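Working notes, structure below.
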Number of protein chains: 2
Amino acid sequence: MSTDLLIVGTGLIGTSIGLALRDQADVALSDRDPATLAAAVGRGAGRPWDGTERFRLALVAAPPSAVAEVMTRLQQVCPDAVLGHVASVQEPVQSALTAAGVALDRVCGSHPMAGKEQSGPQAASADLFVGRPWVLCPSPATSAEALDAVRGLVQACGAEPVVLSAAEHDAAVALVSHLPQVAASAVAALLERSGARPAGAVPALELAGPGLQDTTRIAGSAPGLWVDLLRHNAAAVAPLVHDLVAELSSAAAALDRLAAQPGDAGAAAQVEGLISRGNVGRSLVPRKRGGHDRDFAVVSVAVPDRPGQLAGVLVSAAQTGVNVEDVRVEHLPGRPTGVIELLVQPAAQEHARQALRAAGWDVTGP
Amino acid sequence: MSTDLLIVGTGLIGTSIGLALRDQADVALSDRDPATLAAAVGRGAGRPWDGTERFRLALVAAPPSAVAEVMTRLQQVCPDAVLGHVASVQEPVQSALTAAGVALDRVCGSHPMAGKEQSGPQAASADLFVGRPWVLCPSPATSAEALDAVRGLVQACGAEPVVLSAAEHDAAVALVSHLPQVAASAVAALLERSGARPAGAVPALELAGPGLQDTTRIAGSAPGLWVDLLRHNAAAVAPLVHDLVAELSSAAAALDRLAAQPGDAGAAAQVEGLISRGNVGRSLVPRKRGGHDRDFAVVSVAVPDRPGQLAGVLVSAAQTGVNVEDVRVEHLPGRPTGVIELLVQPAAQEHARQALRAAGWDVTGP
């Protein structure tokens, strides 16, 4: 007996892959923790692997430090199968595989750029990868057959394959993921110090708005997970953190000069230059899956803060032909009203305002 | 003839105050730019001031550097009126008022902690301040009558008054607003450099997810506005940016050690300590207006990407008694489906899943 696909490691990623592919392939599952395996099987991600059954393709969805050991064992069971992994750092895994003597022509690393705040098989979903980039990292030794097999799996999950070298991948995630994590954690760590305020003083953080909320959101990430990621990608992340230190040191020096002399034109130009370069950098960040900084127009509606109001507003919008691109909800604790913001195409804004007013909603603004 | 309230400066804040109070007071408006004044009058925020009419209370909603000059002129017209302002930095304005010889017993500074990405009278709305903190900064010379008059205006706008000294205010906004701005701009400025990649290379930023989006959102802010804010509050912001440099320098040094020796336990503990302290700081940030880190549960629904689906899901939720706290919408470009995430109270999650499934929706996850 043999299976199309063996998934080793049934956490969030492994179980989500099983759920995505269960209608297209016979999927066998393995996990060193029986409870985690049982949960994945219970979710319908596949059937348990017996440890000897052969397979065409195996995907190792285990922590980076475990990949080499697992692949060594898998090549003993089934030497001609293709082996993939989904490690979030690639160069250290390639080095470990080489050191372990794994036959690299059968191996293709990969990394789906998708995740959740929650982990484990219970948080898995079949659509986790739909529309997301999924990086393929063949080594120089990887065969075309191995690359094609892993690429096929990626496409079957609905993701967009992007081929990068392991070094390119590690540099890219250092920039778009690991650097912002370190920066957000450092800003939040300074907030933690502000807890040491004089007794009875009004806490500064009560004045915080959405800017601080957004800037520090990922500072809530799990320390254990992140120290492992940063440890394995330290060579790529460290230079970027040094660059950030240099940017902020220049800014601090310019602010010192402005504190001494608010009219210092050179210092002001330096601060303005930082904000301006930040504008350019920000404009390069994709805003939604697949789209760059699309500017939607906002239509704000004040509503009583009770169930069903959001549905009512959206029903009115749908009935009058308004296509709502996104929605934001603001509750106002202690007040009987909330604000619903509908994001629409700019050309549709005026029609949306008028249509919702005509339907009896309290549309605020012009 | 006289008026209850004179608003000088009819940008976003001044016009929003007029809109909030027009049913409760006779509001006169003034702006040095006739077009801006006409726009505010057109929005219904008040009637134009003739420059001589007396007033009980005047609120100066002009840039910080203009407040002293405007107040000097207003005290010549109406020496016994109370004067307020809404400057986003307070100590420099108090110093300028003292230097200009303004009678400080009639003056109370303030700062509404509300704003928008857009500016000007067209972006104004009557509910801009509802439920938001609004800091009152009386100087030692401010009379109880002046403080009460400005506090009354704040409450009439629906905001929550918070009394702080000018120094406390400036330190608080340095921490919760100016520091995150500098940090987000610096991270985004590093992204801008990544634009200088080899021709034909896959851009790293295409791999970016929501973490980078959130961390750099405010890096899109206007340079001209921000250089003025930072210039006037440089004495409070500079030490915080130095503290951030120190945090990040330690992190960079620890990452250097991990790059050389991934097993360095001391360096790993230092990185883990930063992330852990960031967790604590993050938990101190109010997440929604008035509430701390409330953890809602997520119910995900896959829908065809066409108008009316969002309304349909929310109608089903409302009909089955599910109270939706917030909504997120993910479009998947090039694919015929989208994902709607409903945020509900954790205790309501299971009911919400079952109710929506029973109503025929494609609820993903367990």
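For the structure tokens, the naming scheme is as follows: chains receive sequential letters (A, B, ...) according to their order of presentation, residues are indexed from 1 within each chain, and ligands are indexed from 1 in presentation order.
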
Query raised in the report: Taking only C-alpha atoms into account, which residues of chain B are within 6 Å of chain A, as a VMD selection string?
Result: chain B and resid 125 131 172 176 185 188 to 189 191 to 192 204 208 214 to 215 219 to 220 223 227 231 234 to 235 238 241 to 242 245 252 255 to 256 258 to 259 262 272 275 to 282 307 to 308 311 314 to 315 318 323 326 329 332 365

Requested in this report: Would you please extract all strand (DSSP E or B) residues from range 109-189 of chain A, as assigned by DSSP on the backbone, and give them as a ChimeraX atom specification?
Outcome: /A:109-112,133-137,160-163

Query raised in the report: To one decimal place, how far is CA of Gln345 in chain A from CA of Leu12 in chain B in Å?
Result: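 That distance, rounded to one decimal, is 22.6 Å.
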
Report task. Would you return as a VMD selection string the members of range 23-226 of chain B that DSSP assigns to helix (DSSP H, G or I) on this structure's backbone? Result -> chain B and resid 34 to 42 64 to 77 91 to 100 104 to 106 121 to 123 144 to 156 166 to 193 204 to 207 210 to 220 223 to 226

Requested in this report: Kindly give the distance, in Å, that separates CA of Asp33 in chain A and CA of Leu83 in chain A, rounded to a single decimal.
Outcome: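 Between these atoms lies a distance of 21.0 Å.
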
**Report entry** Between CA of Cys108 in chain A and CA of Val41 in chain A, distance in Å (one decimal)
**Finding:**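 For CA of Cys108 in chain A relative to CA of Val41 in chain A, the distance reads 25.8 Å.
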
Report summary line: Using only C-alpha atoms, the residue out of A:Leu29, A:Ala99, A:Ala68, A:Leu59 with shortest distance to Ala149 in chain A is A:Leu59
